[in-house]
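Reproduced below: coords22.cif, with mmCIF, C-alpha atoms, pLDDT in the B column; chains and numbers go by the auth columns.
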data_my_file
loop_
_atom_site.group_PDB
_atom_site.id
_atom_site.type_symbol
_atom_site.label_atom_id
_atom_site.label_comp_id
_atom_site.label_asym_id
_atom_site.label_seq_id
_atom_site.Cartn_x
_atom_site.Cartn_y
_atom_site.Cartn_z
_atom_site.B_iso_or_equiv
_atom_site.auth_seq_id
_atom_site.auth_asym_id
ATOM 1 C CA MET A 1 133.120 -170.032 -232.639 48.00 1 A
ATOM 2 C CA ALA A 2 133.995 -167.397 -235.196 55.00 2 A
ATOM 3 C CA THR A 3 137.467 -167.469 -236.604 87.00 3 A
ATOM 4 C CA PHE A 4 139.617 -164.947 -238.352 95.00 4 A
ATOM 5 C CA ALA A 5 139.452 -167.185 -241.433 95.00 5 A
ATOM 6 C CA GLU A 6 135.673 -166.665 -241.569 96.00 6 A
ATOM 7 C CA ILE A 7 136.101 -162.894 -241.373 96.00 7 A
ATOM 8 C CA ARG A 8 138.730 -162.936 -244.114 96.00 8 A
ATOM 9 C CA ALA A 9 136.497 -165.136 -246.298 95.00 9 A
ATOM 10 C CA LEU A 10 133.582 -162.722 -245.889 95.00 10 A
ATOM 11 C CA LEU A 11 135.443 -159.405 -245.940 95.00 11 A
ATOM 12 C CA GLY A 12 138.397 -160.120 -248.202 94.00 12 A
ATOM 13 C CA GLU A 13 142.144 -160.129 -247.719 96.00 13 A
ATOM 14 C CA PRO A 14 143.501 -157.654 -245.188 96.00 14 A
ATOM 15 C CA ARG A 15 146.129 -155.162 -246.295 93.00 15 A
ATOM 16 C CA PHE A 16 147.300 -153.565 -243.029 95.00 16 A
ATOM 17 C CA ASN A 17 148.930 -156.621 -241.392 95.00 17 A
ATOM 18 C CA TRP A 18 150.370 -154.879 -238.312 96.00 18 A
ATOM 19 C CA THR A 19 152.859 -156.882 -236.210 95.00 19 A
ATOM 20 C CA ASP A 20 154.227 -154.424 -233.626 96.00 20 A
ATOM 21 C CA PRO A 21 152.546 -154.992 -230.208 96.00 21 A
ATOM 22 C CA ALA A 22 153.563 -151.520 -228.925 96.00 22 A
ATOM 23 C CA PRO A 23 150.184 -149.787 -229.565 96.00 23 A
ATOM 24 C CA TRP A 24 148.312 -152.530 -227.706 97.00 24 A
ATOM 25 C CA ILE A 25 150.781 -152.347 -224.827 97.00 25 A
ATOM 26 C CA GLU A 26 150.166 -148.587 -224.666 96.00 26 A
ATOM 27 C CA MET A 27 146.389 -149.141 -224.750 97.00 27 A
ATOM 28 C CA LYS A 28 146.686 -151.596 -221.855 97.00 28 A
ATOM 29 C CA ARG A 29 148.783 -149.098 -219.899 97.00 29 A
ATOM 30 C CA GLU A 30 146.378 -146.219 -220.546 96.00 30 A
ATOM 31 C CA PHE A 31 143.046 -147.993 -220.053 97.00 31 A
ATOM 32 C CA GLY A 32 144.086 -150.765 -217.672 96.00 32 A
ATOM 33 C CA ILE A 33 142.712 -153.647 -219.729 96.00 33 A
ATOM 34 C CA GLU A 34 144.095 -156.036 -222.273 95.00 34 A
ATOM 35 C CA PHE A 35 141.747 -155.974 -225.231 97.00 35 A
ATOM 36 C CA PRO A 36 140.493 -159.403 -226.369 97.00 36 A
ATOM 37 C CA ALA A 37 142.735 -161.389 -228.696 96.00 37 A
ATOM 38 C CA ASP A 38 140.165 -161.682 -231.498 96.00 38 A
ATOM 39 C CA PHE A 39 139.600 -157.910 -231.494 97.00 39 A
ATOM 40 C CA ARG A 40 143.355 -157.240 -231.661 97.00 40 A
ATOM 41 C CA GLU A 41 143.833 -159.815 -234.424 97.00 41 A
ATOM 42 C CA ILE A 42 141.114 -158.255 -236.589 97.00 42 A
ATOM 43 C CA LEU A 43 142.399 -154.706 -236.150 97.00 43 A
ATOM 44 C CA ASP A 44 146.023 -155.748 -236.651 97.00 44 A
ATOM 45 C CA ALA A 45 145.039 -157.349 -239.940 97.00 45 A
ATOM 46 C CA TYR A 46 142.676 -154.706 -241.331 97.00 46 A
ATOM 47 C CA GLY A 47 143.803 -151.522 -239.566 95.00 47 A
ATOM 48 C CA SER A 48 141.525 -148.505 -239.482 95.00 48 A
ATOM 49 C CA VAL A 49 138.703 -149.284 -241.889 96.00 49 A
ATOM 50 C CA GLN A 50 135.161 -148.473 -242.822 95.00 50 A
ATOM 51 C CA ILE A 51 133.134 -151.624 -243.449 94.00 51 A
ATOM 52 C CA ASN A 52 130.139 -151.546 -245.801 91.00 52 A
ATOM 53 C CA ASN A 53 130.218 -147.724 -245.846 90.00 53 A
ATOM 54 C CA GLN A 54 128.794 -147.924 -242.324 91.00 54 A
ATOM 55 C CA LEU A 55 130.906 -149.435 -239.530 94.00 55 A
ATOM 56 C CA TYR A 56 134.156 -147.764 -238.450 95.00 56 A
ATOM 57 C CA LEU A 57 136.948 -149.806 -236.858 96.00 57 A
ATOM 58 C CA LYS A 58 140.125 -148.061 -235.787 96.00 58 A
ATOM 59 C CA HIS A 59 143.586 -149.442 -235.021 96.00 59 A
ATOM 60 C CA PRO A 60 145.575 -148.043 -232.059 96.00 60 A
ATOM 61 C CA ALA A 61 148.771 -147.243 -233.987 94.00 61 A
ATOM 62 C CA GLY A 62 149.605 -143.665 -233.030 85.00 62 A
ATOM 63 C CA HIS A 63 150.667 -142.544 -236.504 85.00 63 A
ATOM 64 C CA LEU A 64 147.198 -143.157 -237.950 80.00 64 A
ATOM 65 C CA LEU A 65 144.780 -140.302 -238.541 81.00 65 A
ATOM 66 C CA HIS A 66 141.935 -142.547 -237.355 79.00 66 A
ATOM 67 C CA ASN A 67 143.259 -143.920 -234.070 91.00 67 A
ATOM 68 C CA LEU A 68 141.489 -146.251 -231.603 96.00 68 A
ATOM 69 C CA GLY A 69 142.974 -144.592 -228.522 95.00 69 A
ATOM 70 C CA GLU A 70 141.640 -141.182 -229.547 93.00 70 A
ATOM 71 C CA LEU A 71 138.231 -142.686 -230.332 94.00 71 A
ATOM 72 C CA ILE A 72 138.035 -144.347 -226.927 97.00 72 A
ATOM 73 C CA ARG A 73 139.165 -141.254 -224.994 96.00 73 A
ATOM 74 C CA GLY A 74 136.557 -139.075 -226.719 94.00 74 A
ATOM 75 C CA ASP A 75 133.769 -141.626 -226.466 95.00 75 A
ATOM 76 C CA LEU A 76 134.444 -142.367 -222.790 96.00 76 A
ATOM 77 C CA GLU A 77 134.127 -138.649 -222.098 95.00 77 A
ATOM 78 C CA LEU A 78 130.855 -138.521 -224.058 93.00 78 A
ATOM 79 C CA TRP A 79 129.311 -141.611 -222.451 94.00 79 A
ATOM 80 C CA ARG A 80 130.228 -140.459 -218.939 94.00 80 A
ATOM 81 C CA GLU A 81 128.290 -137.204 -219.307 92.00 81 A
ATOM 82 C CA GLU A 82 125.278 -137.027 -217.027 87.00 82 A
ATOM 83 C CA ASP A 83 122.715 -136.905 -219.834 85.00 83 A
ATOM 84 C CA MET A 84 124.275 -139.881 -221.680 89.00 84 A
ATOM 85 C CA VAL A 85 124.592 -142.345 -218.783 85.00 85 A
ATOM 86 C CA GLU A 86 120.931 -143.390 -219.067 85.00 86 A
ATOM 87 C CA TYR A 87 121.489 -144.735 -222.614 87.00 87 A
ATOM 88 C CA LEU A 88 123.715 -147.642 -221.490 92.00 88 A
ATOM 89 C CA PRO A 89 123.054 -150.705 -219.305 93.00 89 A
ATOM 90 C CA SER A 90 126.216 -150.046 -217.276 94.00 90 A
ATOM 91 C CA PRO A 91 128.839 -147.289 -217.059 96.00 91 A
ATOM 92 C CA ALA A 92 131.390 -146.669 -219.787 96.00 92 A
ATOM 93 C CA GLY A 93 134.882 -147.582 -218.651 97.00 93 A
ATOM 94 C CA ALA A 94 137.456 -150.308 -218.136 96.00 94 A
ATOM 95 C CA ASN A 95 136.298 -151.839 -214.835 96.00 95 A
ATOM 96 C CA PRO A 96 134.605 -155.264 -214.701 97.00 96 A
ATOM 97 C CA GLY A 97 131.096 -155.055 -216.141 96.00 97 A
ATOM 98 C CA GLU A 98 131.697 -151.656 -217.720 97.00 98 A
ATOM 99 C CA LEU A 99 131.492 -150.874 -221.415 97.00 99 A
ATOM 100 C CA MET A 100 134.517 -149.893 -223.496 98.00 100 A
ATOM 101 C CA PRO A 101 133.526 -148.044 -226.706 97.00 101 A
ATOM 102 C CA VAL A 102 135.473 -149.546 -229.619 98.00 102 A
ATOM 103 C CA ALA A 103 133.587 -148.815 -232.841 96.00 103 A
ATOM 104 C CA LEU A 104 130.796 -146.743 -234.256 93.00 104 A
ATOM 105 C CA ALA A 105 128.507 -146.641 -237.233 91.00 105 A
ATOM 106 C CA LYS A 106 127.450 -143.636 -239.220 87.00 106 A
ATOM 107 C CA THR A 107 123.861 -144.788 -238.671 84.00 107 A
ATOM 108 C CA GLY A 108 123.939 -143.814 -234.977 86.00 108 A
ATOM 109 C CA GLU A 109 125.157 -146.971 -233.266 91.00 109 A
ATOM 110 C CA TRP A 110 128.120 -147.413 -230.905 94.00 110 A
ATOM 111 C CA VAL A 111 129.759 -150.792 -230.425 97.00 111 A
ATOM 112 C CA PHE A 112 131.136 -151.562 -226.966 98.00 112 A
ATOM 113 C CA LEU A 113 133.115 -154.413 -225.508 98.00 113 A
ATOM 114 C CA ARG A 114 131.725 -155.399 -222.113 98.00 114 A
ATOM 115 C CA VAL A 115 134.688 -155.865 -219.776 98.00 115 A
ATOM 116 C CA PRO A 116 134.464 -159.353 -218.221 97.00 116 A
ATOM 117 C CA ASP A 117 133.513 -159.653 -214.556 94.00 117 A
ATOM 118 C CA GLY A 118 136.423 -162.022 -213.966 89.00 118 A
ATOM 119 C CA SER A 119 139.414 -163.559 -215.718 83.00 119 A
ATOM 120 C CA SER A 120 137.420 -166.649 -216.724 87.00 120 A
ATOM 121 C CA SER A 121 134.419 -164.637 -217.975 93.00 121 A
ATOM 122 C CA PRO A 122 134.148 -163.917 -221.706 94.00 122 A
ATOM 123 C CA TRP A 123 134.133 -160.526 -223.384 97.00 123 A
ATOM 124 C CA ARG A 124 130.750 -159.611 -224.860 97.00 124 A
ATOM 125 C CA VAL A 125 129.486 -157.003 -227.319 97.00 125 A
ATOM 126 C CA VAL A 126 126.922 -154.308 -226.549 96.00 126 A
ATOM 127 C CA VAL A 127 125.501 -152.157 -229.316 95.00 127 A
ATOM 128 C CA ALA A 128 123.789 -148.923 -228.331 92.00 128 A
ATOM 129 C CA GLU A 129 121.497 -147.146 -230.743 87.00 129 A
ATOM 130 C CA LEU A 130 121.477 -143.475 -229.913 80.00 130 A
ATOM 131 C CA ASP A 131 118.418 -142.747 -232.068 77.00 131 A
ATOM 132 C CA SER A 132 116.127 -145.125 -230.125 77.00 132 A
ATOM 133 C CA PRO A 133 117.639 -144.911 -227.387 79.00 133 A
ATOM 134 C CA ALA A 134 118.156 -148.638 -226.971 86.00 134 A
ATOM 135 C CA TRP A 135 120.954 -151.110 -226.438 91.00 135 A
ATOM 136 C CA THR A 136 121.448 -154.805 -227.090 93.00 136 A
ATOM 137 C CA LEU A 137 123.801 -157.211 -225.345 95.00 137 A
ATOM 138 C CA HIS A 138 125.134 -159.831 -227.743 96.00 138 A
ATOM 139 C CA GLU A 139 126.347 -162.968 -225.957 96.00 139 A
ATOM 140 C CA MET A 140 129.235 -163.381 -228.377 95.00 140 A
ATOM 141 C CA THR A 141 132.836 -162.350 -228.802 96.00 141 A
ATOM 142 C CA PHE A 142 133.758 -159.424 -231.034 97.00 142 A
ATOM 143 C CA GLY A 143 134.883 -161.823 -233.775 96.00 143 A
ATOM 144 C CA GLU A 144 131.576 -163.710 -233.616 96.00 144 A
ATOM 145 C CA TRP A 145 129.666 -160.439 -233.665 95.00 145 A
ATOM 146 C CA LEU A 146 131.625 -159.193 -236.693 95.00 146 A
ATOM 147 C CA VAL A 147 130.977 -162.438 -238.581 95.00 147 A
ATOM 148 C CA ALA A 148 127.250 -162.066 -237.853 92.00 148 A
ATOM 149 C CA TYR A 149 127.356 -158.436 -239.017 92.00 149 A
ATOM 150 C CA LEU A 150 129.204 -159.382 -242.222 92.00 150 A
ATOM 151 C CA ARG A 151 126.605 -162.094 -242.921 90.00 151 A
ATOM 152 C CA GLY A 152 123.825 -159.506 -242.603 86.00 152 A
ATOM 153 C CA GLU A 153 122.399 -161.023 -239.419 87.00 153 A
ATOM 154 C CA ASP A 154 120.469 -158.830 -237.027 84.00 154 A
ATOM 155 C CA VAL A 155 123.127 -157.621 -234.607 87.00 155 A
ATOM 156 C CA THR A 156 121.554 -154.152 -234.428 77.00 156 A
ATOM 157 C CA VAL A 157 123.793 -152.657 -237.117 65.00 157 A
ATOM 158 C CA CYS A 158 122.328 -153.995 -240.364 61.00 158 A
ATOM 159 C CA SER A 159 124.709 -154.440 -243.282 54.00 159 A
ATOM 160 C CA ARG A 160 122.194 -155.494 -245.906 54.00 160 A
ATOM 161 C CA ASN A 161 121.296 -151.958 -246.995 61.00 161 A
ATOM 162 C CA PHE A 162 124.937 -150.980 -247.302 72.00 162 A
ATOM 163 C CA ALA A 163 126.453 -154.107 -248.897 75.00 163 A
ATOM 164 C CA PRO A 164 123.857 -155.729 -251.166 74.00 164 A
ATOM 165 C CA ASP A 165 126.396 -157.806 -253.106 84.00 165 A
ATOM 166 C CA ARG A 166 128.931 -158.757 -250.425 89.00 166 A
ATOM 167 C CA PRO A 167 130.708 -157.148 -247.468 92.00 167 A
ATOM 168 C CA PHE A 168 133.587 -154.813 -248.280 92.00 168 A
ATOM 169 C CA PHE A 169 136.002 -152.489 -246.542 95.00 169 A
ATOM 170 C CA GLU A 170 137.908 -149.315 -247.291 94.00 170 A
ATOM 171 C CA SER A 171 141.057 -148.236 -245.494 93.00 171 A
ATOM 172 C CA LEU A 172 140.800 -145.044 -243.441 90.00 172 A
ATOM 173 C CA SER A 173 144.573 -144.548 -243.239 69.00 173 A
#
Would you put the structure from the file into structure tokens?
Amino acid sequence: MATFAEIRALLGEPRFNWTDPAPWIEMKREFGIEFPADFREILDAYGSVQINNQLYLKHPAGHLLHNLGELIRGDLELWREEDMVEYLPSPAGANPGELMPVALAKTGEWVFLRVPDGSSSPWRVVVAELDSPAWTLHEMTFGEWLVAYLRGEDVTVCSRNFAPDRPFFESLS
């Protein structure tokens, strides 16, 4: 199982280090789900960042220019449009089995968290490639998926072309 220590070892020391739970409480109130602990831990540590000049992660703190709540609201609207529904294996949303958009890449991919079917079911990652159109379900947590991405493994968004020496991040805030 991927750990935050593995992410930090691959990506480098975080600089955001957010400790106030208020934005996550607001996200739970607005969207009706509690985002997975590993996802929250990563975003609380790194904040809104661009990884390998490709993958965008956004923190929900309201004062940030690049805010997760705004990303999700806009992307849910996009993915619920009639001509976009066919690109995903299930609807975009916060109900069990639906896909919550949480990240995107400038290479045309969206990263979704698949809302578990039940309280004992795990969160999974779905990556949709708009150019194809294709999608891939990754039977792993967000943290595991991010470790695989940082290692350059094939998790649909390939880091090797964008980080030939080692993974890196830049703050968006």
Taking the file above as input, evaluate the PyMOL selection byres ((chain A and resi 76) around 10) and report the hits as a ChimeraX atom specification.
-> /A:70-75,77-81,91-94,99-102
Asn95 (chain A) surroundings by all atoms listed in the file, 12 Å radius, close-in-sequence under 3 positions cut, as a list in words | Phe31, Gly32, Ile33, Glu34, Ser90, Pro91, Ala92, Glu98, Leu99, Met100, Leu113, Arg114, Val115, Pro116, Asp117 and Gly118 of chain A
Using the chain letters and numbers from the file, which residues does the PyMOL selection byres ((chain A and resi 131) around 10) grab, as a VMD selection string?
-> chain A and resid 107 to 109 128 to 130 132 to 134
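Going from CA of Val111 (chain A) over to CA of Arg166 (chain A), you cover 21.5 Å.
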May I have the residues at most 12 Å from (132.2, -162.9, -234.8) in the file's coordinates, counting all atoms listed in the file, as a ChimeraX atom specification?
-> /A:1-8,10,38-39,42,123-125,138-153,155
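If you look at CA of Pro96 (chain A) and CA of Leu137 (chain A), they are 15.3 Å away from each other.
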When you draw a straight line from CA of Met27 (chain A) to CA of Gly69 (chain A), how long is it in Å?
-> 6.8 Å
List the residues matched by the PyMOL selection byres ((chain A and resi 57) around 8) in the displayed structure as a PyMOL selection string, ordered by chain and then by residue number.
-> chain A and resi 43+47-51+55-56+58-59+68+102-104
Take the residues from that selection and put them in a file with C-alpha atoms, as a tab-separated table (two decimals), in the coordinates of the input.
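Result file part-v4.tsv:
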chain	number	residue	atom	x	y	z
A	43	LEU	CA	142.40	-154.71	-236.15
A	47	GLY	CA	143.80	-151.52	-239.57
A	48	SER	CA	141.52	-148.50	-239.48
A	49	VAL	CA	138.70	-149.28	-241.89
A	50	GLN	CA	135.16	-148.47	-242.82
A	51	ILE	CA	133.13	-151.62	-243.45
A	55	LEU	CA	130.91	-149.44	-239.53
A	56	TYR	CA	134.16	-147.76	-238.45
A	58	LYS	CA	140.12	-148.06	-235.79
A	59	HIS	CA	143.59	-149.44	-235.02
A	68	LEU	CA	141.49	-146.25	-231.60
A	102	VAL	CA	135.47	-149.55	-229.62
A	103	ALA	CA	133.59	-148.82	-232.84
A	104	LEU	CA	130.80	-146.74	-234.26
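Excluding region 18-21 of chain A itself and any same-chain residue fewer than 2 positions from it, the protein and nucleic acid residues within 9 Å of it, counting only C-alpha atoms, are Phe16, Pro23, Trp24, Ile25, Glu26, Leu43, Asp44, Ala45, Tyr46, Gly47 and Ala61 of chain A.
The residue that comes closest to Ala105 (chain A), out of A:Thr156, A:Ser171, A:Gln54, A:Ser119 and on the basis of only C-alpha atoms, is A:Gln54.
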Would you give the centre and edge lengths, in Å to one decimal, of a box along x, y and z around the listed atoms of region 167-172 of chain A, with 8 Å added to each side, as AutoDock Vina command-line options?
--center_x 135.9 --center_y -151.1 --center_z -245.9 --size_x 26.3 --size_y 28.1 --size_z 20.8
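Here the question is which of A:Leu11, A:Asn53, A:Arg29, A:Val85 gets nearest to Phe162 (chain A) using all atoms listed in the file, and that residue is A:Asn53.
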